[in-house]
>>> print(open('model-v3.cif').read())   # mmCIF, C-alpha atoms
data_data
loop_
_atom_site.label_atom_id
_atom_site.label_comp_id
_atom_site.auth_asym_id
_atom_site.auth_seq_id
_atom_site.Cartn_x
_atom_site.Cartn_y
_atom_site.Cartn_z
CA MET A 25 -0.32 26.01 -7.18
CA MET A 26 1.71 22.83 -6.76
CA ARG A 27 -0.19 20.07 -4.91
CA THR A 28 1.58 17.27 -3.05
CA ILE A 29 0.32 13.70 -3.42
CA ASP A 30 1.42 10.63 -1.49
CA ILE A 31 3.13 7.82 -3.39
CA ASN A 32 3.71 4.68 -1.35
CA CYS A 33 5.74 1.54 -2.01
CA ASP A 34 5.65 -1.95 -0.52
CA VAL A 35 9.25 -2.62 0.51
CA GLY A 36 11.45 -5.03 2.47
CA GLU A 37 10.16 -7.89 0.35
CA GLY A 38 13.47 -9.24 -0.90
CA VAL A 39 13.85 -7.26 -4.12
CA GLY A 40 16.69 -5.12 -2.77
CA ASN A 41 15.85 -1.94 -4.72
CA GLU A 42 14.87 0.18 -1.71
CA LYS A 43 17.85 2.53 -1.85
CA GLU A 44 16.84 3.55 -5.37
CA LEU A 45 13.12 3.83 -4.62
CA PHE A 46 13.10 5.80 -1.36
CA PRO A 47 14.29 9.16 -2.76
CA MET A 48 11.17 9.22 -4.98
CA ILE A 49 8.40 8.09 -2.60
CA SER A 50 6.70 9.73 0.35
CA SER A 51 5.52 6.72 2.36
CA CYS A 52 6.48 3.06 2.59
CA ASN A 53 4.92 -0.20 3.74
CA ILE A 54 7.53 -2.47 5.30
CA ALA A 55 7.02 -6.25 5.25
CA CYS A 56 7.14 -7.57 8.79
CA GLY A 57 7.58 -11.32 8.51
CA GLY A 58 4.25 -12.69 7.31
CA HIS A 59 4.92 -12.91 3.57
CA ALA A 60 8.46 -11.53 3.63
CA GLY A 61 10.76 -9.52 5.86
CA SER A 62 13.08 -9.96 8.82
CA LYS A 63 14.61 -7.82 11.56
CA GLU A 64 17.43 -6.97 9.18
CA THR A 65 15.22 -5.86 6.28
CA ILE A 66 12.92 -3.94 8.62
CA ARG A 67 15.90 -2.07 10.09
CA TRP A 68 17.30 -1.35 6.62
CA CYS A 69 14.02 0.12 5.42
CA LEU A 70 13.50 2.15 8.59
CA GLU A 71 16.96 3.68 8.25
CA LEU A 72 16.27 4.59 4.62
CA ALA A 73 12.91 6.08 5.59
CA LYS A 74 14.62 8.31 8.12
CA GLU A 75 17.32 9.31 5.62
CA PHE A 76 14.85 10.24 2.85
CA ASN A 77 12.01 11.60 5.03
CA VAL A 78 9.56 8.86 4.09
CA LYS A 79 6.52 8.08 6.28
CA VAL A 80 6.77 4.61 7.82
CA GLY A 81 4.08 1.95 7.58
CA ALA A 82 3.88 -1.68 8.66
CA HIS A 83 2.79 -4.24 6.05
CA PRO A 84 1.38 -7.37 7.76
CA SER A 85 -0.12 -10.25 5.80
CA TYR A 86 -1.39 -13.77 5.94
CA PRO A 87 1.40 -15.96 7.36
CA ASP A 88 2.29 -17.40 3.96
CA LYS A 89 5.83 -16.91 2.70
CA GLU A 90 5.44 -19.78 0.23
CA ASN A 91 2.86 -17.82 -1.79
CA PHE A 92 4.18 -14.35 -0.88
CA GLY A 93 0.89 -13.64 0.88
CA ARG A 94 -0.92 -13.40 -2.44
CA VAL A 95 -3.22 -16.43 -2.02
CA SER A 96 -6.31 -16.41 0.22
CA MET A 97 -5.89 -18.60 3.30
CA SER A 98 -8.35 -20.66 5.27
CA ILE A 99 -7.37 -19.49 8.74
CA SER A 100 -9.30 -19.02 11.96
CA ASP A 101 -9.88 -15.52 13.28
CA ALA A 102 -7.84 -16.40 16.38
CA ASP A 103 -4.87 -17.64 14.35
CA LEU A 104 -4.98 -14.63 12.05
CA ILE A 105 -5.04 -12.25 15.02
CA LYS A 106 -2.16 -14.11 16.66
CA SER A 107 -0.09 -13.99 13.46
CA ILE A 108 -0.64 -10.28 12.76
CA GLN A 109 0.11 -9.37 16.36
CA ALA A 110 3.36 -11.37 16.15
CA GLN A 111 4.27 -9.55 12.92
CA MET A 112 3.60 -6.20 14.54
CA GLN A 113 5.65 -7.18 17.60
CA LEU A 114 8.59 -8.03 15.33
CA PHE A 115 8.20 -4.72 13.52
CA GLU A 116 7.90 -2.74 16.75
CA SER A 117 10.93 -4.45 18.31
CA VAL A 118 13.05 -2.86 15.58
CA ARG A 119 11.18 0.42 15.15
CA SER A 120 11.20 1.28 18.85
CA LYS A 121 15.00 1.08 18.98
CA LEU A 122 15.31 3.52 16.08
CA ASN A 123 12.66 5.85 17.53
CA THR A 124 10.98 6.19 14.14
CA PRO A 125 7.30 7.27 14.18
CA LEU A 126 4.78 4.77 12.83
CA HIS A 127 2.47 6.56 10.42
CA HIS A 128 0.24 3.79 9.06
CA ILE A 129 -0.54 0.10 8.70
CA LYS A 130 -1.37 -1.43 5.33
CA PRO A 131 -2.40 -5.08 4.99
CA HIS A 132 -0.73 -7.02 2.20
CA GLY A 133 -1.86 -8.97 -0.82
CA ALA A 134 -4.65 -11.49 -0.45
CA LEU A 135 -5.45 -10.29 3.09
CA TYR A 136 -5.92 -6.75 1.74
CA ASN A 137 -8.26 -8.01 -0.97
CA ASP A 138 -10.17 -10.38 1.32
CA ILE A 139 -10.95 -7.83 4.03
CA ALA A 140 -12.17 -5.48 1.31
CA LYS A 141 -15.13 -7.87 0.89
CA ASN A 142 -15.47 -9.85 4.14
CA GLU A 143 -16.83 -8.20 7.28
CA GLN A 144 -15.90 -10.99 9.71
CA LEU A 145 -12.33 -11.03 8.43
CA SER A 146 -12.26 -7.23 8.64
CA GLN A 147 -13.30 -7.38 12.28
CA ALA A 148 -10.52 -9.89 13.01
CA PHE A 149 -7.91 -7.77 11.26
CA LEU A 150 -8.98 -4.61 13.08
CA LYS A 151 -8.94 -6.47 16.40
CA SER A 152 -5.38 -7.59 15.73
CA ILE A 153 -4.13 -4.00 15.40
CA LYS A 154 -6.39 -2.41 18.01
CA ALA A 155 -3.35 -1.40 20.10
CA PHE A 156 -2.40 1.07 17.32
CA LYS A 157 -5.90 2.45 16.77
CA ASP A 158 -5.29 5.93 18.16
CA GLU A 159 -1.79 6.34 16.72
CA VAL A 160 -1.86 5.40 13.06
CA TYR A 161 -3.77 5.55 9.80
CA LEU A 162 -4.92 2.48 7.91
CA TYR A 163 -4.26 2.40 4.17
CA LEU A 164 -7.39 0.71 2.76
CA PRO A 165 -9.18 0.34 -0.58
CA PHE A 166 -11.92 2.73 -1.70
CA ASN A 167 -15.52 1.92 -0.76
CA SER A 168 -14.49 -1.41 0.79
CA VAL A 169 -16.10 -3.37 3.60
CA VAL A 170 -13.04 -2.89 5.81
CA GLU A 171 -13.08 0.88 5.22
CA LYS A 172 -16.67 1.08 6.45
CA VAL A 173 -16.06 -1.18 9.46
CA ALA A 174 -12.88 0.69 10.38
CA LYS A 175 -14.52 4.12 10.25
CA LYS A 176 -17.51 2.85 12.23
CA ASN A 177 -15.14 1.70 14.96
CA GLY A 178 -13.12 4.91 15.12
CA TYR A 179 -10.03 3.97 13.13
CA LYS A 180 -8.33 6.62 11.03
CA VAL A 181 -8.41 5.72 7.35
CA ARG A 182 -6.57 6.89 4.25
CA ILE A 183 -7.90 5.56 0.98
CA GLU A 184 -5.40 3.88 -1.30
CA ALA A 185 -5.45 3.45 -5.06
CA PHE A 186 -2.98 1.49 -7.18
CA ALA A 187 -0.89 3.30 -9.73
CA ASP A 188 0.50 0.13 -11.29
CA ARG A 189 -2.61 -2.10 -11.26
CA ASN A 190 -5.66 -2.28 -13.48
CA TYR A 191 -9.20 -2.16 -12.11
CA ASN A 192 -12.40 -3.98 -12.97
CA ASN A 193 -15.67 -2.06 -13.20
CA ASP A 194 -16.57 -3.09 -9.63
CA LEU A 195 -13.31 -1.39 -8.52
CA ASN A 196 -11.73 -4.69 -7.55
CA LEU A 197 -8.21 -5.12 -8.85
CA VAL A 198 -7.75 -7.29 -11.92
CA SER A 199 -6.44 -10.65 -10.69
CA ARG A 200 -2.70 -11.15 -10.91
CA LYS A 201 -3.50 -14.36 -12.80
CA GLU A 202 -4.56 -12.18 -15.74
CA ASP A 203 -2.06 -10.80 -18.24
CA ASN A 204 -3.40 -7.25 -17.85
CA ALA A 205 -3.24 -7.13 -14.03
CA LEU A 206 -0.13 -4.92 -13.95
CA ILE A 207 0.51 -1.60 -15.64
CA SER A 208 4.23 -1.67 -16.37
CA ASN A 209 4.51 1.16 -18.90
CA GLU A 210 5.54 4.36 -17.13
CA GLU A 211 3.50 6.63 -19.43
CA GLU A 212 0.36 4.59 -18.76
CA VAL A 213 1.02 4.70 -15.00
CA LEU A 214 1.27 8.49 -15.16
CA LYS A 215 -2.05 8.73 -17.02
CA HIS A 216 -3.61 6.35 -14.48
CA VAL A 217 -2.43 8.48 -11.55
CA LEU A 218 -3.48 11.74 -13.16
CA ARG A 219 -7.04 10.52 -13.75
CA MET A 220 -7.32 9.49 -10.11
CA ALA A 221 -5.53 12.48 -8.60
CA THR A 222 -7.03 15.25 -10.72
CA ASP A 223 -10.36 13.89 -12.02
CA ASN A 224 -11.25 11.50 -9.16
CA VAL A 225 -11.96 8.68 -11.59
CA VAL A 226 -10.22 5.45 -12.58
CA LYS A 227 -10.31 4.04 -16.10
CA THR A 228 -11.22 0.35 -15.93
CA ILE A 229 -10.17 -2.46 -18.26
CA LYS A 230 -13.53 -1.97 -20.01
CA ASN A 231 -12.46 1.60 -20.77
CA GLU A 232 -15.03 3.14 -18.44
CA ASP A 233 -14.38 5.98 -15.99
CA ILE A 234 -15.58 5.05 -12.49
CA ALA A 235 -15.61 7.56 -9.64
CA MET A 236 -12.87 7.01 -7.05
CA ASN A 237 -11.27 9.20 -4.37
CA ALA A 238 -7.84 8.38 -2.99
CA ASP A 239 -5.36 9.83 -0.48
CA THR A 240 -2.37 7.71 -1.47
CA TYR A 241 -1.19 5.85 -4.57
CA CYS A 242 0.78 2.61 -4.49
CA ILE A 243 3.55 1.48 -6.80
CA HIS A 244 4.62 -2.02 -5.83
CA GLY A 245 8.31 -2.29 -5.06
CA ASP A 246 8.42 -5.70 -6.74
CA THR A 247 6.91 -4.49 -10.01
CA PRO A 248 9.78 -5.13 -12.47
CA SER A 249 9.68 -1.57 -13.81
CA ALA A 250 9.07 0.12 -10.43
CA LEU A 251 12.22 2.23 -10.59
CA GLN A 252 11.58 3.38 -14.16
CA ILE A 253 7.97 4.20 -13.28
CA LEU A 254 8.98 6.29 -10.27
CA MET A 255 11.69 8.13 -12.18
CA TYR A 256 9.24 8.96 -14.96
CA ILE A 257 6.35 10.16 -12.81
CA THR A 258 8.69 12.14 -10.54
CA GLU A 259 9.91 13.98 -13.62
CA HIS A 260 6.51 14.57 -15.22
CA LEU A 261 4.01 15.10 -12.37
CA PRO A 262 5.12 18.75 -11.88
CA GLU A 263 3.92 19.47 -15.43
CA TYR A 264 0.43 18.92 -13.98
CA ASN A 265 1.09 20.89 -10.77
CA LEU A 266 1.59 17.72 -8.75
CA GLN A 267 4.61 16.60 -6.75
CA VAL A 268 5.48 13.65 -4.50
CA LYS A 269 7.79 15.47 -2.14
CA PRO A 270 7.56 19.20 -1.29
#
>>> encode(input="model-v3.cif", output="structure tokens")
Amino acid sequence: MMRTIDINCDVGEGVGNEKELFPMISSCNIACGGHAGSKETIRWCLELAKEFNVKVGAHPSYPDKENFGRVSMSISDADLIKSIQAQMQLFESVRSKLNTPLHHIKPHGALYNDIAKNEQLSQAFLKSIKAFKDEVYLYLPFNSVVEKVAKKNGYKVRIEAFADRNYNNDLNLVSRKEDNALISNEEEVLKHVLRMATDNVVKTIKNEDIAMNADTYCIHGDTPSALQILMYITEHLPEYNLQVKP
């Protein structure tokens, strides 16, 4: 029996490859002005999502375009909440006009990694998106602090794993400062996804299999080989009774 898995992409971040990516993914995370994104890019991505039947997600971040949201910020809870709410308002101002359902919210970059470990920051992030609590899923990392806090407070969670990133033994992502942070070879990405999707384990950089369950798998839209990776796994996943789109 063929099983469908969810492949998501971070999009609207200035790369401009969305039209090529969307036919091969099943959900997307659209930058909404914190690290990248504008009304125009949000609209563009929403229209593509509708055309290719891709589930829509918002992708808020630290307000840090200079560092693309990939550096931890010293920011008060109040300022973080204010920024994320402004990002969501921008996103919603476009989405509401297109009448496109919002499926999920996925925090970006350093914010995503920081709330995985910091309970106070997790509480602030969840407070900032409380208005969407009953409507959407949160895409969050496996066995993270924010996952536990979110579930405790009644948020709907889908666990995310990264198809194009390497993991340490503690299941934190290898820092992007390291040469082996990214998996850019499409054959290696396929093996990485298959281990997670079929065996519920991830092979770490120390060559150990660590248990992990995931509901969705991310391929970053700004990974240089993103298109080649998606083309390859779309072609070869069915050999293992897996598919991205029914």
>>> residues_around(input="model-v3.cif", residues="region 72-83 of chain A", least_positions_apart="3", cutoff="7 Å", atoms="only C-alpha atoms", output="list in words")
Lys43, Phe46, Pro47, Ile49, Ser50, Ser51, Cys52, Asn53, Ile54, Ala55, Cys56, Trp68, Cys69, Pro125, Leu126, His127, His128, Ile129, Lys130, Pro131 and His132 of chain A
>>> residues_around(input="model-v3.cif", residues="Ala205 (chain A)", least_positions_apart="3", cutoff="12 Å", atoms="only C-alpha atoms", output="PyMOL selection string")
chain A and resi 186-192+196-202+208+228-229+247
>>> write_last_selection(input="model-v3.cif", atoms="C-alpha atoms", output="tab-separated table (two decimals), in the frame of the given file")
chain	number	residue	atom	x	y	z
A	186	PHE	CA	-2.98	1.49	-7.18
A	187	ALA	CA	-0.89	3.30	-9.73
A	188	ASP	CA	0.50	0.13	-11.29
A	189	ARG	CA	-2.61	-2.10	-11.26
A	190	ASN	CA	-5.66	-2.28	-13.48
A	191	TYR	CA	-9.20	-2.16	-12.11
A	192	ASN	CA	-12.40	-3.98	-12.97
A	196	ASN	CA	-11.73	-4.69	-7.55
A	197	LEU	CA	-8.21	-5.12	-8.85
A	198	VAL	CA	-7.75	-7.29	-11.92
A	199	SER	CA	-6.44	-10.65	-10.69
A	200	ARG	CA	-2.70	-11.15	-10.91
A	201	LYS	CA	-3.50	-14.36	-12.80
A	202	GLU	CA	-4.56	-12.18	-15.74
A	208	SER	CA	4.23	-1.67	-16.37
A	228	THR	CA	-11.22	0.35	-15.93
A	229	ILE	CA	-10.17	-2.46	-18.26
A	247	THR	CA	6.91	-4.49	-10.01
>>> resolve_selection(input="model-v3.cif", expression="the PyMOL selection byres ((chain A and resi 88) around 12)", output="list of chain:residue names")
A:Cys56, A:Gly57, A:Gly58, A:His59, A:Ala60, A:Gly61, A:Pro84, A:Ser85, A:Tyr86, A:Pro87, A:Lys89, A:Glu90, A:Asn91, A:Phe92, A:Gly93, A:Arg94, A:Val95, A:Ser96, A:Met97, A:Ser98, A:Ile99, A:Leu104, A:Ser107, A:Ile108, A:His132, A:Gly133, A:Ala134, A:Leu135
>>> closest_residue(input="model-v3.cif", among="A:Arg27, A:Arg67, A:Lys180, A:Arg219", to="Thr124 (chain A)", atoms="all atoms listed in the file")
A:Arg67
>>> resolve_selection(input="model-v3.cif", expression="the PyMOL selection byres ((chain A and resi 249) around 8)", output="PyMOL selection string")
chain A and resi 208-210+247-248+250-253
>>> resolve_selection(input="model-v3.cif", expression="the PyMOL selection byres ((chain A and resi 38) around 9)", output="PyMOL selection string")
chain A and resi 35-37+39-41+60-61+65+246
>>> write_last_selection(input="model-v3.cif", atoms="C-alpha atoms", output="short mmCIF file (atom, residue, chain, number, x, y, z; two decimals), in the frame of the given file")
data_model
loop_
_atom_site.label_atom_id
_atom_site.label_comp_id
_atom_site.auth_asym_id
_atom_site.auth_seq_id
_atom_site.Cartn_x
_atom_site.Cartn_y
_atom_site.Cartn_z
CA VAL A 35 9.25 -2.62 0.51
CA GLY A 36 11.45 -5.03 2.47
CA GLU A 37 10.16 -7.89 0.35
CA VAL A 39 13.85 -7.26 -4.12
CA GLY A 40 16.69 -5.12 -2.77
CA ASN A 41 15.85 -1.94 -4.72
CA ALA A 60 8.46 -11.53 3.63
CA GLY A 61 10.76 -9.52 5.86
CA THR A 65 15.22 -5.86 6.28
CA ASP A 246 8.42 -5.70 -6.74
#
>>> residues_near_point(input="model-v3.cif", point="(18.6, 2.2, 17.5)", cutoff="12 Å", atoms="all atoms listed in the file", output="JSON, numbers by chain")
{"A": [67, 68, 70, 71, 74, 116, 117, 118, 119, 120, 121, 122, 123, 124]}
>>> residues_around(input="model-v3.cif", residues="Pro270 (chain A)", least_positions_apart="3", cutoff="10 Å", atoms="all atoms listed in the file", output="PyMOL selection string")
chain A and resi 26-29+50+266-267
>>> closest_residue(input="model-v3.cif", among="A:Glu212, A:Asp34, A:Glu44, A:Asp101", to="Lys151 (chain A)", atoms="only C-alpha atoms")
A:Asp101
>>> atom_distance(input="model-v3.cif", atom1="CA of Asn204 (chain A)", atom2="CA of Asn231 (chain A)")
13.0 Å
>>> atom_distance(input="model-v3.cif", atom1="CA of Asn265 (chain A)", atom2="CA of Met25 (chain A)")
6.4 Å
>>> closest_residue(input="model-v3.cif", among="A:Cys242, A:Ala102, A:Met236, A:Ala221", to="Leu261 (chain A)", atoms="all atoms listed in the file")
A:Ala221
>>> build_atoms(input="model-v3.cif", residues="region 207-218 of chain A", atoms="all heavy atoms", output="compact mmCIF listing (two decimals), in the frame of the given file")
# COMPACT_ATOMS: atom_id res chain seq x y z
N ILE A 207 0.18 -2.65 -14.68
CA ILE A 207 0.51 -1.60 -15.64
C ILE A 207 2.01 -1.35 -15.50
O ILE A 207 2.46 -0.82 -14.48
CB ILE A 207 -0.27 -0.30 -15.37
CG1 ILE A 207 -1.76 -0.57 -15.28
CG2 ILE A 207 0.02 0.74 -16.45
CD1 ILE A 207 -2.58 0.63 -14.84
N SER A 208 2.77 -1.75 -16.48
CA SER A 208 4.23 -1.67 -16.37
C SER A 208 4.83 -0.53 -17.18
O SER A 208 5.98 -0.16 -16.98
CB SER A 208 4.88 -2.99 -16.79
OG SER A 208 4.45 -3.36 -18.09
N ASN A 209 4.03 0.05 -18.09
CA ASN A 209 4.51 1.16 -18.90
C ASN A 209 4.41 2.47 -18.12
O ASN A 209 3.33 2.81 -17.62
CB ASN A 209 3.70 1.25 -20.20
CG ASN A 209 4.11 2.41 -21.07
OD1 ASN A 209 3.67 3.53 -20.84
ND2 ASN A 209 4.95 2.15 -22.05
N GLU A 210 5.52 3.18 -17.99
CA GLU A 210 5.54 4.36 -17.13
C GLU A 210 4.60 5.48 -17.60
O GLU A 210 4.02 6.20 -16.79
CB GLU A 210 6.97 4.91 -16.98
CG GLU A 210 7.70 5.18 -18.27
CD GLU A 210 8.59 4.02 -18.72
OE1 GLU A 210 8.19 2.86 -18.54
OE2 GLU A 210 9.67 4.30 -19.26
N GLU A 211 4.42 5.62 -18.93
CA GLU A 211 3.50 6.63 -19.43
C GLU A 211 2.06 6.30 -19.07
O GLU A 211 1.27 7.19 -18.72
CB GLU A 211 3.65 6.76 -20.95
CG GLU A 211 5.01 7.30 -21.39
CD GLU A 211 5.11 7.43 -22.89
OE1 GLU A 211 4.06 7.40 -23.57
OE2 GLU A 211 6.24 7.56 -23.40
N GLU A 212 1.72 5.01 -19.13
CA GLU A 212 0.36 4.59 -18.76
C GLU A 212 0.13 4.76 -17.26
O GLU A 212 -0.98 5.11 -16.83
CB GLU A 212 0.13 3.14 -19.18
CG GLU A 212 0.03 2.94 -20.68
CD GLU A 212 -1.07 3.79 -21.31
OE1 GLU A 212 -2.19 3.82 -20.75
OE2 GLU A 212 -0.81 4.44 -22.34
N VAL A 213 1.15 4.49 -16.45
CA VAL A 213 1.02 4.70 -15.00
C VAL A 213 0.76 6.16 -14.71
O VAL A 213 -0.10 6.51 -13.89
CB VAL A 213 2.28 4.21 -14.26
CG1 VAL A 213 2.22 4.62 -12.79
CG2 VAL A 213 2.40 2.70 -14.37
N LEU A 214 1.49 7.05 -15.36
CA LEU A 214 1.27 8.49 -15.16
C LEU A 214 -0.16 8.88 -15.50
O LEU A 214 -0.82 9.59 -14.73
CB LEU A 214 2.26 9.30 -16.00
CG LEU A 214 2.10 10.82 -15.90
CD1 LEU A 214 2.39 11.33 -14.49
CD2 LEU A 214 3.01 11.53 -16.91
N LYS A 215 -0.67 8.42 -16.63
CA LYS A 215 -2.05 8.73 -17.02
C LYS A 215 -3.03 8.20 -15.98
O LYS A 215 -4.02 8.86 -15.63
CB LYS A 215 -2.36 8.10 -18.39
CG LYS A 215 -1.64 8.74 -19.56
CD LYS A 215 -1.97 8.00 -20.85
CE LYS A 215 -1.17 8.54 -22.02
NZ LYS A 215 -1.42 7.75 -23.27
N HIS A 216 -2.76 7.00 -15.49
CA HIS A 216 -3.61 6.35 -14.48
C HIS A 216 -3.67 7.20 -13.21
O HIS A 216 -4.75 7.45 -12.67
CB HIS A 216 -3.00 4.98 -14.19
CG HIS A 216 -3.93 3.97 -13.61
ND1 HIS A 216 -5.19 3.71 -14.10
CD2 HIS A 216 -3.76 3.10 -12.56
CE1 HIS A 216 -5.74 2.74 -13.39
NE2 HIS A 216 -4.90 2.36 -12.44
N VAL A 217 -2.50 7.66 -12.76
CA VAL A 217 -2.43 8.48 -11.55
C VAL A 217 -3.12 9.82 -11.76
O VAL A 217 -3.86 10.29 -10.89
CB VAL A 217 -0.96 8.69 -11.11
CG1 VAL A 217 -0.87 9.72 -9.98
CG2 VAL A 217 -0.34 7.39 -10.66
N LEU A 218 -2.89 10.43 -12.90
CA LEU A 218 -3.48 11.74 -13.16
C LEU A 218 -5.01 11.69 -13.17
O LEU A 218 -5.66 12.59 -12.64
CB LEU A 218 -2.97 12.28 -14.50
CG LEU A 218 -1.51 12.75 -14.51
CD1 LEU A 218 -1.09 13.11 -15.93
CD2 LEU A 218 -1.30 13.93 -13.57
